[in-house]
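The file upload.cif contains mmCIF, C-alpha atoms:
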```cif
data_upload
#
loop_
_atom_site.label_atom_id
_atom_site.label_comp_id
_atom_site.auth_asym_id
_atom_site.auth_seq_id
_atom_site.Cartn_x
_atom_site.Cartn_y
_atom_site.Cartn_z
CA MET C 6 -29.43 168.70 219.84
CA ALA C 7 -28.34 170.42 216.64
CA THR C 8 -30.83 171.92 214.23
CA VAL C 9 -30.72 170.91 210.58
CA ALA C 10 -32.61 173.11 208.13
CA PHE C 11 -32.96 172.75 204.37
CA THR C 12 -33.51 175.22 201.56
CA ARG C 13 -37.16 175.67 200.74
CA HIS C 14 -36.31 174.95 197.10
CA LEU C 15 -36.45 171.27 198.00
CA GLU C 16 -40.16 171.57 198.70
CA ARG C 17 -40.74 171.34 194.96
CA PHE C 18 -39.81 167.67 195.22
CA LEU C 19 -40.37 166.47 198.77
CA GLN C 20 -40.89 167.58 202.33
CA ALA C 21 -37.77 168.74 204.16
CA PRO C 22 -38.78 170.50 207.37
CA PRO C 23 -36.19 171.55 209.97
CA ALA C 24 -35.19 168.79 212.36
CA GLU C 25 -33.55 168.58 215.79
CA VAL C 26 -31.09 165.71 215.83
CA GLU C 27 -28.23 164.18 217.78
CA GLY C 28 -24.83 163.89 216.13
CA ALA C 29 -21.17 164.65 216.81
CA THR C 30 -20.39 165.52 213.20
CA VAL C 31 -22.20 167.03 210.21
CA GLY C 32 -22.36 163.55 208.70
CA GLU C 33 -23.95 162.06 211.80
CA ALA C 34 -26.47 164.87 212.07
CA LEU C 35 -27.49 164.56 208.43
CA ALA C 36 -27.66 160.77 208.73
CA ALA C 37 -30.07 161.20 211.62
CA VAL C 38 -32.34 163.30 209.41
CA PHE C 39 -32.10 160.88 206.48
CA ALA C 40 -32.97 157.95 208.75
CA SER C 41 -36.52 159.30 208.95
CA ARG C 42 -36.54 160.82 205.44
CA PRO C 43 -34.55 158.42 203.21
CA MET C 44 -35.52 160.04 199.89
CA LEU C 45 -33.98 163.34 201.04
CA ARG C 46 -30.47 161.85 201.12
CA GLY C 47 -30.08 161.69 197.34
CA TYR C 48 -30.89 165.38 196.97
CA VAL C 49 -28.07 166.39 199.30
CA LEU C 50 -25.37 163.71 199.02
CA ASP C 51 -23.82 161.96 196.03
CA ASP C 52 -23.52 158.18 195.70
CA GLN C 53 -20.29 158.16 197.72
CA GLY C 54 -21.82 160.09 200.62
CA GLY C 55 -20.17 163.45 199.96
CA LEU C 56 -22.03 166.72 199.51
CA ARG C 57 -23.28 167.18 195.98
CA ARG C 58 -21.09 169.50 193.98
CA HIS C 59 -23.67 172.27 193.86
CA VAL C 60 -25.03 171.83 197.35
CA ALA C 61 -23.70 174.02 200.16
CA CYS C 62 -23.70 173.12 203.84
CA TYR C 63 -23.00 175.68 206.58
CA VAL C 64 -22.65 175.26 210.34
CA ASN C 65 -23.46 178.39 212.31
CA GLY C 66 -23.01 180.47 209.19
CA GLN C 67 -19.68 178.99 208.06
CA PRO C 68 -19.18 176.48 205.21
CA VAL C 69 -18.17 172.97 206.23
CA ARG C 70 -14.54 172.12 205.44
CA ASP C 71 -14.87 168.39 204.82
CA ARG C 72 -17.37 168.07 201.99
CA ALA C 73 -16.40 164.46 201.20
CA ARG C 74 -16.64 162.79 204.60
CA LEU C 75 -18.65 165.40 206.51
CA SER C 76 -16.40 165.11 209.55
CA ASP C 77 -16.75 168.71 210.76
CA PRO C 78 -17.70 168.61 214.47
CA VAL C 79 -21.14 169.64 215.61
CA ALA C 80 -22.03 170.77 219.13
CA ALA C 81 -25.39 170.97 220.84
CA ALA C 82 -27.40 173.99 219.70
CA ASP C 83 -25.39 174.30 216.47
CA ARG C 84 -27.34 175.29 213.39
CA ILE C 85 -26.71 173.32 210.19
CA TYR C 86 -28.12 174.80 206.99
CA VAL C 87 -28.23 172.98 203.64
CA PHE C 88 -28.89 174.99 200.52
CA GLN C 89 -27.99 175.23 196.85
CA ALA C 90 -24.89 176.89 195.47
CA LEU C 91 -26.00 179.30 192.77
CA THR C 92 -25.60 178.35 189.12
CA GLY C 93 -26.94 179.94 185.97
CA GLY C 94 -29.48 178.97 183.30
CA MET H 9 -51.08 154.59 165.58
CA THR H 10 -50.09 156.45 168.70
CA ASP H 11 -51.90 159.68 169.53
CA ARG H 12 -49.60 160.94 172.25
CA VAL H 13 -46.05 162.27 172.23
CA TYR H 14 -43.98 162.95 175.34
CA VAL H 15 -41.27 165.57 175.12
CA GLY H 16 -38.56 165.85 177.77
CA THR H 17 -36.97 169.29 177.78
CA ARG H 18 -34.52 171.32 179.75
CA LYS H 19 -37.46 172.82 181.60
CA GLY H 20 -40.13 170.22 181.95
CA LEU H 21 -42.00 167.29 180.44
CA PHE H 22 -44.58 168.18 177.83
CA GLU H 23 -47.43 165.94 176.78
CA ILE H 24 -48.62 166.43 173.20
CA ALA H 25 -51.96 164.94 172.21
CA ARG H 26 -53.59 164.47 168.82
CA GLN H 27 -56.97 166.19 168.72
CA LYS H 28 -60.09 164.93 166.97
CA ASN H 29 -59.49 167.41 164.16
CA GLY H 30 -56.03 165.97 163.55
CA ALA H 31 -54.08 168.82 165.16
CA TRP H 32 -51.41 168.09 167.77
CA GLU H 33 -51.60 170.26 170.87
CA ILE H 34 -49.77 170.56 174.15
CA ALA H 35 -52.19 168.82 176.51
CA ASP H 36 -50.24 168.90 179.77
CA VAL H 37 -46.96 169.98 181.36
CA HIS H 38 -45.18 168.18 184.18
CA PHE H 39 -42.12 169.20 186.24
CA LEU H 40 -42.16 172.67 184.69
CA GLY H 41 -38.74 174.26 185.15
CA GLU H 42 -36.90 170.99 185.83
CA PRO H 43 -34.51 169.34 183.35
CA VAL H 44 -35.82 166.01 182.03
CA SER H 45 -32.94 163.85 180.80
CA ALA H 46 -34.85 160.71 179.80
CA LEU H 47 -38.39 159.40 179.66
CA LEU H 48 -40.19 156.17 178.96
CA PRO H 49 -43.88 155.43 178.46
CA ASP H 50 -44.27 151.73 179.35
CA GLY H 51 -47.76 150.30 179.35
CA ASP H 52 -49.88 152.48 181.62
CA ALA H 53 -46.84 153.96 183.36
CA LEU H 54 -44.75 156.96 182.41
CA TYR H 55 -41.20 157.29 183.72
CA ALA H 56 -39.36 160.61 183.88
CA ALA H 57 -35.71 161.06 184.84
CA LEU H 58 -34.93 164.51 186.22
CA ASP H 59 -31.39 165.87 186.08
CA LEU H 60 -31.57 168.57 188.74
CA GLY H 61 -28.70 171.00 188.58
CA HIS H 62 -28.12 171.13 192.34
CA PHE H 63 -29.85 168.15 193.77
CA GLY H 64 -28.78 165.25 191.55
CA SER H 65 -30.73 162.88 189.35
CA HIS H 66 -34.09 161.49 190.35
CA LEU H 67 -36.60 159.13 188.83
CA TRP H 68 -40.36 159.51 188.94
CA ARG H 69 -43.21 157.33 187.73
CA ARG H 70 -46.77 158.27 186.90
CA ASP H 71 -49.49 155.66 187.33
CA GLY H 72 -52.81 157.11 186.32
CA LYS H 73 -52.52 160.77 187.27
CA ALA H 74 -50.26 160.66 190.32
CA TRP H 75 -46.49 161.06 190.13
CA ARG H 76 -44.32 159.31 192.69
CA GLU H 77 -40.57 159.38 193.18
CA LEU H 78 -38.81 156.03 192.84
CA ALA H 79 -35.39 154.88 193.92
CA VAL H 80 -32.72 156.18 191.59
CA PRO H 81 -29.85 154.10 190.20
CA ALA H 82 -26.90 154.55 192.58
CA PHE H 83 -23.31 153.37 192.50
CA PRO H 84 -21.90 151.25 195.33
CA PRO H 85 -19.14 152.58 197.63
CA LYS H 86 -15.95 153.05 195.63
CA PRO H 87 -13.43 150.40 196.70
CA ASP H 88 -9.81 151.26 197.49
CA ASP H 89 -8.52 149.43 194.43
CA ALA H 90 -10.58 151.74 192.21
CA ALA H 91 -8.76 154.87 193.37
CA ASP H 92 -7.29 155.38 189.89
CA ASP H 93 -10.61 154.98 188.09
CA PRO H 94 -10.84 158.08 185.86
CA HIS H 95 -14.64 158.14 186.12
CA PRO H 96 -16.78 159.00 189.16
CA TRP H 97 -18.69 156.34 191.07
CA SER H 98 -21.70 158.59 191.33
CA LEU H 99 -24.68 159.01 189.07
CA GLY H 100 -24.32 161.92 186.67
CA LYS H 101 -27.61 161.51 184.87
CA ILE H 102 -29.92 158.91 183.43
CA TRP H 103 -29.45 159.22 179.68
CA THR H 104 -31.72 156.51 178.40
CA LEU H 105 -34.49 154.32 179.82
CA GLU H 106 -35.59 151.19 177.98
CA PRO H 107 -38.08 148.39 178.56
CA GLY H 108 -36.60 144.92 179.16
CA PHE H 109 -39.33 142.84 177.45
CA VAL H 110 -39.83 140.99 180.76
CA PRO H 111 -42.62 142.18 183.10
CA GLY H 112 -41.18 144.81 185.45
CA ARG H 113 -37.75 144.92 183.83
CA LEU H 114 -36.17 148.22 182.86
CA TRP H 115 -32.68 149.24 181.80
CA ALA H 116 -31.14 152.62 182.56
CA GLY H 117 -28.09 153.82 180.64
CA THR H 118 -26.28 156.57 182.50
CA MET H 119 -23.43 158.97 182.66
CA PRO H 120 -20.73 158.14 183.86
CA GLY H 121 -21.26 154.88 181.95
CA GLY H 122 -23.03 152.62 184.42
CA LEU H 123 -25.80 150.36 183.19
CA PHE H 124 -28.55 149.64 185.73
CA ARG H 125 -31.31 147.05 185.77
CA SER H 126 -34.62 147.05 187.57
CA ASP H 127 -36.89 144.01 187.83
CA ASP H 128 -39.67 145.73 189.75
CA GLY H 129 -40.76 148.59 187.54
CA GLY H 130 -38.12 151.00 188.78
CA GLU H 131 -38.75 150.57 192.52
CA SER H 132 -35.16 149.37 192.96
CA TRP H 133 -32.06 149.29 190.75
CA LYS H 134 -28.90 147.26 190.55
CA LEU H 135 -25.68 148.26 188.85
CA VAL H 136 -24.60 145.79 186.16
CA ASP H 137 -21.34 144.89 187.87
CA ALA H 138 -19.85 142.86 185.04
CA LEU H 139 -19.82 145.88 182.76
CA TRP H 140 -18.78 148.44 185.36
CA THR H 141 -15.92 146.40 186.85
CA MET H 142 -14.30 145.17 183.64
CA PRO H 143 -10.85 146.74 183.21
CA GLU H 144 -11.62 148.03 179.70
CA ARG H 145 -14.30 150.34 181.11
CA ARG H 146 -11.57 152.65 182.37
CA GLN H 147 -10.60 153.30 178.72
CA TRP H 148 -14.02 154.75 177.99
CA MET H 149 -13.83 158.41 177.09
CA GLY H 150 -16.03 161.34 177.99
CA VAL H 151 -18.67 162.84 175.76
CA ALA H 152 -18.39 166.29 174.24
CA GLY H 153 -20.05 168.70 176.59
CA GLY H 154 -19.32 166.49 179.59
CA GLU H 155 -16.36 164.77 181.12
CA GLN H 156 -18.10 161.47 181.62
CA PRO H 157 -18.74 158.60 179.22
CA GLY H 158 -22.42 157.92 178.64
CA ILE H 159 -24.50 154.94 177.57
CA SER H 160 -26.52 156.54 174.80
CA ALA H 161 -28.49 153.48 173.66
CA VAL H 162 -29.70 150.19 175.11
CA LEU H 163 -31.15 147.75 172.60
CA VAL H 164 -32.90 144.67 173.94
CA ASP H 165 -33.83 141.92 171.48
CA PRO H 166 -37.62 141.55 171.71
CA ARG H 167 -37.23 137.83 170.85
CA ASN H 168 -34.73 137.18 173.62
CA PRO H 169 -34.49 139.68 176.47
CA ASP H 170 -31.03 138.39 177.45
CA GLU H 171 -29.58 139.66 174.15
CA ILE H 172 -28.52 143.23 174.81
CA ARG H 173 -26.49 145.79 172.90
CA ILE H 174 -25.39 149.10 174.31
CA GLY H 175 -23.91 152.05 172.48
CA VAL H 176 -21.48 154.25 174.36
CA SER H 177 -20.23 157.77 173.78
CA THR H 178 -17.34 157.10 173.66
CA ALA H 179 -16.57 153.39 173.81
CA GLY H 180 -18.19 151.55 170.89
CA VAL H 181 -20.90 148.90 170.91
CA TRP H 182 -20.97 146.28 173.68
CA ALA H 183 -22.98 143.08 173.78
CA SER H 184 -24.30 140.72 176.40
CA HIS H 185 -25.88 137.36 175.54
CA ASP H 186 -26.79 136.50 179.13
CA GLY H 187 -28.87 139.37 180.44
CA GLY H 188 -25.84 141.43 181.47
CA LYS H 189 -23.70 138.83 183.28
CA SER H 190 -20.90 139.10 180.73
CA TRP H 191 -19.97 141.64 178.07
CA ARG H 192 -17.80 141.95 175.02
CA LEU H 193 -16.92 144.69 172.59
CA MET H 194 -18.87 144.13 169.40
CA ASN H 195 -18.01 146.45 166.57
CA ARG H 196 -15.31 144.40 164.87
CA GLY H 197 -14.68 146.24 161.71
CA GLY H 198 -16.29 148.76 159.44
CA MET H 199 -16.29 151.80 161.72
CA TYR H 200 -13.57 154.41 161.94
CA ASN H 201 -12.89 157.58 163.88
CA GLU H 202 -11.34 160.35 161.80
CA TYR H 203 -10.34 162.44 164.77
CA MET H 204 -8.32 159.75 166.54
CA PRO H 205 -4.55 159.30 166.01
CA PRO H 206 -3.95 157.09 162.94
CA GLU H 207 -2.97 153.99 164.93
CA ARG H 208 -6.24 154.11 166.90
CA ARG H 209 -8.49 155.13 164.02
CA GLU H 210 -10.24 151.76 163.73
CA ASP H 211 -9.96 150.70 167.36
CA PRO H 212 -13.50 149.59 168.32
CA ILE H 213 -13.31 151.05 171.83
CA THR H 214 -12.72 154.57 170.49
CA MET H 215 -15.99 154.69 168.54
CA ASP H 216 -18.33 157.51 169.48
CA ILE H 217 -21.75 155.90 169.18
CA HIS H 218 -24.15 158.82 169.14
CA ARG H 219 -27.19 156.62 168.78
CA LEU H 220 -28.24 153.09 167.80
CA ALA H 221 -31.62 151.99 166.50
CA ARG H 222 -32.76 148.53 165.50
CA CYS H 223 -35.66 147.27 163.43
CA ALA H 224 -38.07 145.66 165.91
CA ALA H 225 -39.21 143.01 163.43
CA HIS H 226 -35.64 142.28 162.26
CA PRO H 227 -33.49 142.94 165.32
CA GLU H 228 -30.29 141.90 163.55
CA ILE H 229 -30.56 145.11 161.52
CA VAL H 230 -28.96 147.92 163.52
CA TRP H 231 -28.42 151.50 162.38
CA CYS H 232 -25.85 153.79 163.94
CA GLN H 233 -25.45 157.54 163.85
CA HIS H 234 -21.78 157.71 164.74
CA HIS H 235 -19.76 160.84 165.36
CA ASN H 236 -18.07 160.14 162.05
CA GLY H 237 -21.01 159.17 159.91
CA VAL H 238 -23.77 156.66 159.44
CA PHE H 239 -23.29 152.90 159.63
CA ARG H 240 -25.48 149.82 159.26
CA SER H 241 -25.05 146.34 160.63
CA GLU H 242 -26.89 143.24 159.44
CA ASP H 243 -25.47 140.96 162.14
CA SER H 244 -26.63 142.66 165.35
CA GLY H 245 -23.68 145.01 165.52
CA ILE H 246 -20.68 142.75 164.92
CA SER H 247 -19.70 144.16 161.54
CA TRP H 248 -20.65 147.52 160.08
CA ARG H 249 -20.86 149.11 156.66
CA GLU H 250 -20.63 152.83 156.19
CA ILE H 251 -23.62 154.50 154.55
CA THR H 252 -22.10 157.18 152.37
CA ALA H 253 -25.27 158.20 150.51
CA ILE H 254 -26.60 160.13 153.50
CA LYS H 255 -27.29 163.79 152.75
CA PRO H 256 -27.06 166.74 153.29
CA SER H 257 -24.30 165.66 155.71
CA LYS H 258 -23.10 162.55 157.48
CA PHE H 259 -22.88 164.15 160.92
CA GLY H 260 -25.77 164.03 163.34
CA PHE H 261 -26.83 162.62 166.64
CA THR H 262 -29.96 160.63 166.14
CA VAL H 263 -31.50 157.81 164.14
CA ALA H 264 -34.87 156.03 164.15
CA ALA H 265 -35.48 152.63 162.59
CA HIS H 266 -38.74 151.54 161.00
CA PRO H 267 -40.41 148.98 163.27
CA ARG H 268 -41.04 146.48 160.45
CA ASP H 269 -39.17 147.49 157.30
CA PRO H 270 -35.48 146.65 157.76
CA ASN H 271 -34.50 149.00 154.93
CA THR H 272 -36.11 152.18 156.25
CA ALA H 273 -34.54 154.58 158.73
CA TRP H 274 -34.57 158.30 159.45
CA PHE H 275 -31.75 160.69 160.40
CA VAL H 276 -31.53 164.41 161.15
CA PRO H 277 -28.17 165.58 159.75
CA ALA H 278 -26.24 168.64 160.93
CA ILE H 279 -22.97 170.46 160.26
CA LYS H 280 -20.33 168.50 162.09
CA ASP H 281 -18.10 169.10 165.07
CA GLU H 282 -17.29 172.76 165.31
CA LYS H 283 -20.70 174.17 164.43
CA ARG H 284 -23.44 171.65 165.17
CA VAL H 285 -26.39 173.39 163.58
CA ALA H 286 -28.72 172.47 160.73
CA VAL H 287 -27.00 172.47 157.31
CA ASP H 288 -27.59 175.75 155.41
CA GLY H 289 -30.07 176.88 158.07
CA LYS H 290 -32.60 174.30 156.88
CA VAL H 291 -34.17 171.67 159.12
CA VAL H 292 -34.45 168.42 157.16
CA VAL H 293 -34.93 164.73 157.79
CA ALA H 294 -32.97 162.22 155.72
CA ARG H 295 -34.85 159.00 154.98
CA THR H 296 -33.64 155.85 153.33
CA ARG H 297 -36.00 153.12 152.18
CA ASP H 298 -33.45 150.90 150.49
CA GLY H 299 -31.09 150.01 153.30
CA GLY H 300 -28.97 153.13 152.91
CA LYS H 301 -28.24 152.97 149.17
CA SER H 302 -30.09 156.24 148.65
CA PHE H 303 -31.70 158.98 150.72
CA GLU H 304 -34.55 161.42 150.33
CA VAL H 305 -34.20 164.80 152.03
CA LEU H 306 -37.62 165.55 153.53
CA HIS H 307 -38.50 169.13 154.38
CA LYS H 308 -42.21 169.80 153.81
CA GLY H 309 -43.47 171.73 156.81
CA LEU H 310 -39.99 172.18 158.31
CA PRO H 311 -38.29 175.61 158.57
CA GLN H 312 -36.08 176.26 155.55
CA ARG H 313 -34.62 179.71 156.28
CA HIS H 314 -32.38 180.70 159.17
CA ALA H 315 -33.17 177.63 161.25
CA TYR H 316 -30.27 176.54 163.43
CA ASP H 317 -31.92 173.65 165.21
CA LEU H 318 -29.87 170.72 166.43
CA VAL H 319 -31.56 167.40 167.22
CA LEU H 320 -29.95 165.39 170.00
CA ARG H 321 -29.62 161.61 170.43
CA HIS H 322 -32.96 160.83 172.02
CA ALA H 323 -35.03 163.52 170.36
CA LEU H 324 -36.31 161.59 167.30
CA ALA H 325 -38.99 158.93 167.65
CA VAL H 326 -41.11 156.71 165.44
CA ASP H 327 -44.31 155.05 166.60
CA ASP H 328 -45.27 151.39 166.29
CA SER H 329 -46.97 151.94 162.93
CA GLY H 330 -43.85 153.37 161.31
CA ASP H 331 -45.98 156.19 159.89
CA ARG H 332 -45.81 158.67 162.73
CA LEU H 333 -42.58 160.41 163.65
CA ALA H 334 -41.70 163.25 165.98
CA PHE H 335 -38.53 165.16 166.70
CA GLY H 336 -37.50 168.09 168.85
CA SER H 337 -34.54 170.44 168.73
CA THR H 338 -32.22 172.30 171.05
CA SER H 339 -33.98 175.49 169.88
CA GLY H 340 -37.27 174.15 171.20
CA GLY H 341 -38.68 173.15 167.83
CA LEU H 342 -41.04 170.17 167.72
CA TRP H 343 -42.38 168.59 164.55
CA ILE H 344 -44.70 165.65 164.01
CA SER H 345 -45.32 163.65 160.84
CA GLU H 346 -48.16 161.25 160.11
CA ASP H 347 -46.90 160.09 156.73
CA GLY H 348 -43.49 158.61 157.36
CA GLY H 349 -41.75 161.98 157.23
CA GLU H 350 -43.16 163.25 153.91
CA SER H 351 -44.73 166.24 155.69
CA TRP H 352 -44.48 167.75 159.15
CA ARG H 353 -46.53 169.93 161.44
CA ALA H 354 -45.52 171.83 164.55
CA PRO H 355 -47.84 172.06 167.55
CA GLU H 356 -48.51 175.63 168.62
CA GLY H 357 -46.09 176.87 171.24
CA ARG H 358 -42.40 177.41 171.88
CA LEU H 359 -40.75 174.76 173.96
CA PRO H 360 -37.55 174.77 176.00
CA PRO H 361 -34.54 172.90 174.48
CA VAL H 362 -35.60 169.30 173.77
CA ASN H 363 -33.67 166.33 175.17
CA ALA H 364 -35.97 163.41 174.51
CA VAL H 365 -39.06 162.57 172.45
CA ARG H 366 -41.16 159.39 172.66
CA PHE H 367 -44.52 158.13 171.51
CA GLY H 368 -46.62 156.41 174.12
#
```
As structure tokens, the full file:
Amino acid sequence: MATVAFTRHLERFLQAPPAEVEGATVGEALAAVFASRPMLRGYVLDDQGGLRRHVACYVNGQPVRDRARLSDPVAAADRIYVFQALTGG
Amino acid sequence: MTDRVYVGTRKGLFEIARQKNGAWEIADVHFLGEPVSALLPDGDALYAALDLGHFGSHLWRRDGKAWRELAVPAFPPKPDDAADDPHPWSLGKIWTLEPGFVPGRLWAGTMPGGLFRSDDGGESWKLVDALWTMPERRQWMGVAGGEQPGISAVLVDPRNPDEIRIGVSTAGVWASHDGGKSWRLMNRGGMYNEYMPPERREDPITMDIHRLARCAAHPEIVWCQHHNGVFRSEDSGISWREITAIKPSKFGFTVAAHPRDPNTAWFVPAIKDEKRVAVDGKVVVARTRDGGKSFEVLHKGLPQRHAYDLVLRHALAVDDSGDRLAFGSTSGGLWISEDGGESWRAPEGRLPPVNAVRFG
């Protein structure tokens, strides 16, 4: 089981607690979270299923390479962290 | 008369209420800190579109006192044969929300140029395929300040909800006579674009429609604040006549049409293109009451020294009476009139930059 955690900034809009999920890729792991929290998907992914431009996703402290199809592999006990890239204003 | 004004800003939705003593005061603040790109009071409901910098666009509705997030308009998977589409198949932001004059129906005009329809009060949305998939849509151009085209106005004929006009920055005026099943480019003549190459100067699809407004009682009368000036149509947007009497300048973003008088409309002019601030540092409203033959420049109660406020497309509103107006600026100014624009008052406070203003 991989762990998926989300930035606490999302709590302004909806609940996004850490989740333990099955999944062979980042995309599968996120999809498992969104299956139980469908409104969360739109905050993280764009309409085509890629990571939003200003959303960052790391696995074990390293940024994912495939931001469009989320095909980076995930192993059991991996830690996936979704947070916002910093912008000004 | 409407005693409440909603103001969508870069950092929240502000609710302005008229007090018993006649003063307008900020009565409530919602989504403080979040950018509000569009809003719509509709009956007892209030819709707010948030354009979150990191986390995309989202739509919320308030019924009574409780806010709830709704589904947001979303584009379908991009097909292989659309690989060369210059515009993204992903919602940029909701730019305008309009009632459909059918119970439950709403229209959402967006960047990158998708029009969406809801028939259940915003619970679900469907992309208007006929508009999005037509080949001409790929000729639409982006808006200044963004790379994506945007639907800046959706006008629904109150007498026939299948009669729809949309204004696009930058792609002219489009019409549907069948509730969105088919579309055609409308502005056949009268408009021009000074900045285009000479051979494309009058091409209808190059027109930058900053904002459209129609007279509710005479929907065939449509006013346009175009990038290049002010135009008026008396045939629902097929042909246009330039209004050259506008002053102090012909550039601006917004227009409001009187709900009953087809000859009255309001504009908030600015210095064009390169500067985009109030002319001579004075905030003024230009009003015509004779169909555009002449204009009065209204300024009583508005700042007249070193004011550099710009008023965007959706930031001027008139209420159902035609007497009350409100507008907000990118400097956070907000002014309300109860006498058709003759005089203005500002509620106490300093707001974030204003995107949208509506009575409700």
Could the residues of chain H within 10 Å of chain C, counting only C-alpha atoms, be given as an mmCIF file with C-alpha atoms, in the frame of the given file, please?
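Written out: iface_25.cif:
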```cif
data_model
loop_
_atom_site.group_PDB
_atom_site.id
_atom_site.type_symbol
_atom_site.label_atom_id
_atom_site.label_comp_id
_atom_site.auth_asym_id
_atom_site.auth_seq_id
_atom_site.Cartn_x
_atom_site.Cartn_y
_atom_site.Cartn_z
ATOM 1 C CA ARG H 18 -34.520 171.320 179.750
ATOM 2 C CA PHE H 39 -42.120 169.200 186.240
ATOM 3 C CA GLU H 42 -36.900 170.990 185.830
ATOM 4 C CA LEU H 60 -31.570 168.570 188.740
ATOM 5 C CA GLY H 61 -28.700 171.000 188.580
ATOM 6 C CA HIS H 62 -28.120 171.130 192.340
ATOM 7 C CA PHE H 63 -29.850 168.150 193.770
ATOM 8 C CA GLY H 64 -28.780 165.250 191.550
ATOM 9 C CA SER H 65 -30.730 162.880 189.350
ATOM 10 C CA HIS H 66 -34.090 161.490 190.350
ATOM 11 C CA ARG H 76 -44.320 159.310 192.690
ATOM 12 C CA GLU H 77 -40.570 159.380 193.180
ATOM 13 C CA LEU H 78 -38.810 156.030 192.840
ATOM 14 C CA ALA H 79 -35.390 154.880 193.920
ATOM 15 C CA VAL H 80 -32.720 156.180 191.590
ATOM 16 C CA PRO H 81 -29.850 154.100 190.200
ATOM 17 C CA ALA H 82 -26.900 154.550 192.580
ATOM 18 C CA PHE H 83 -23.310 153.370 192.500
ATOM 19 C CA PRO H 84 -21.900 151.250 195.330
ATOM 20 C CA PRO H 85 -19.140 152.580 197.630
ATOM 21 C CA LYS H 86 -15.950 153.050 195.630
ATOM 22 C CA PRO H 96 -16.780 159.000 189.160
ATOM 23 C CA TRP H 97 -18.690 156.340 191.070
ATOM 24 C CA SER H 98 -21.700 158.590 191.330
ATOM 25 C CA LEU H 99 -24.680 159.010 189.070
ATOM 26 C CA GLY H 100 -24.320 161.920 186.670
#
```
So which residues touch Val176 (chain H) within 12 Å, counting all atoms listed in the file, skipping near sequence neighbours fewer than 3 positions away, as a PyMOL selection string?
chain H and resi 103-104+117-123+139+145+147-151+156-163+173+179-183+193-195+212-220+232-235+321
Which neighbours of Val31 (chain C) fall inside 12 Å, counting all atoms listed in the file, when residues of the same chain fewer than 6 positions from it are skipped, and could you give them as a ChimeraX atom specification?
/C:7-9,37-38,54-56,62-65,68-81,83-87
Go ahead and compute the interatomic distance for CA of Leu47 (chain H) and CA of Ala116 (chain H), in Å to one decimal.
10.3 Å
Mind checking which residues fall within 8 Å of Arg146 (chain H), counting all atoms listed in the file, ignoring those fewer than 5 positions away in the same chain, and posting them as a PDB file with C-alpha atoms, in the frame of the given file?
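Okay, out_33.pdb is ready:
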```
ATOM      1  CA  ASP H  93     -10.610 154.980 188.090  1.00  0.00           C
ATOM      2  CA  PRO H  94     -10.840 158.080 185.860  1.00  0.00           C
ATOM      3  CA  HIS H  95     -14.640 158.140 186.120  1.00  0.00           C
TER       4      HIS H  95
END
```
Counting all atoms listed in the file, the option among H:Trp248, H:Trp274, H:Trp68, H:Phe259 closest to Ala286 (chain H)
H:Phe259
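One distance worth recording is that between CA of Arg69 (chain H) and CA of Arg113 (chain H), which is 14.1 Å.
The space between CA of Lys134 (chain H) and CA of Val44 (chain H) spans 21.7 Å.
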Pull the neighbourhood of (-30.7, 147.7, 162.7) for me: all residues within 9 Å in file coordinates, counting all atoms listed in the file, as a PyMOL selection string.
chain H and resi 220-224+226-232+240-245+265+270-271+273
Shell around Gly198 (chain H) at 7 Å using only C-alpha atoms, local window under 3 positions removed, as a PyMOL selection string
chain H and resi 247-250
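Among H:Lys189, H:Tyr200, H:Ala264, H:Ala325, the residue with the shortest atom-to-atom distance to Asp137 (chain H), counting only C-alpha atoms, is H:Lys189.
With all atoms listed in the file as the atoms that count, the minimum distance from Met9 (chain H) to the choices H:Leu58, H:Arg26, H:Arg313, H:Asp128 is reached by H:Arg26.
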Within 7 Å of (-38.7, 149.8, 178.4) (file coordinates; all atoms listed in the file), which protein or nucleic acid residues are there? I'd like them as a list in words.
Leu48, Asp50, Leu105, Glu106, Pro107, Gly108, Leu114 and Trp115 of chain H
Answer key for the PyMOL selection byres ((chain H and resi 323) around 7), residues as JSON, numbers by chain
{"H": [319, 320, 321, 322, 324, 325, 335, 336, 362, 363, 364, 365]}
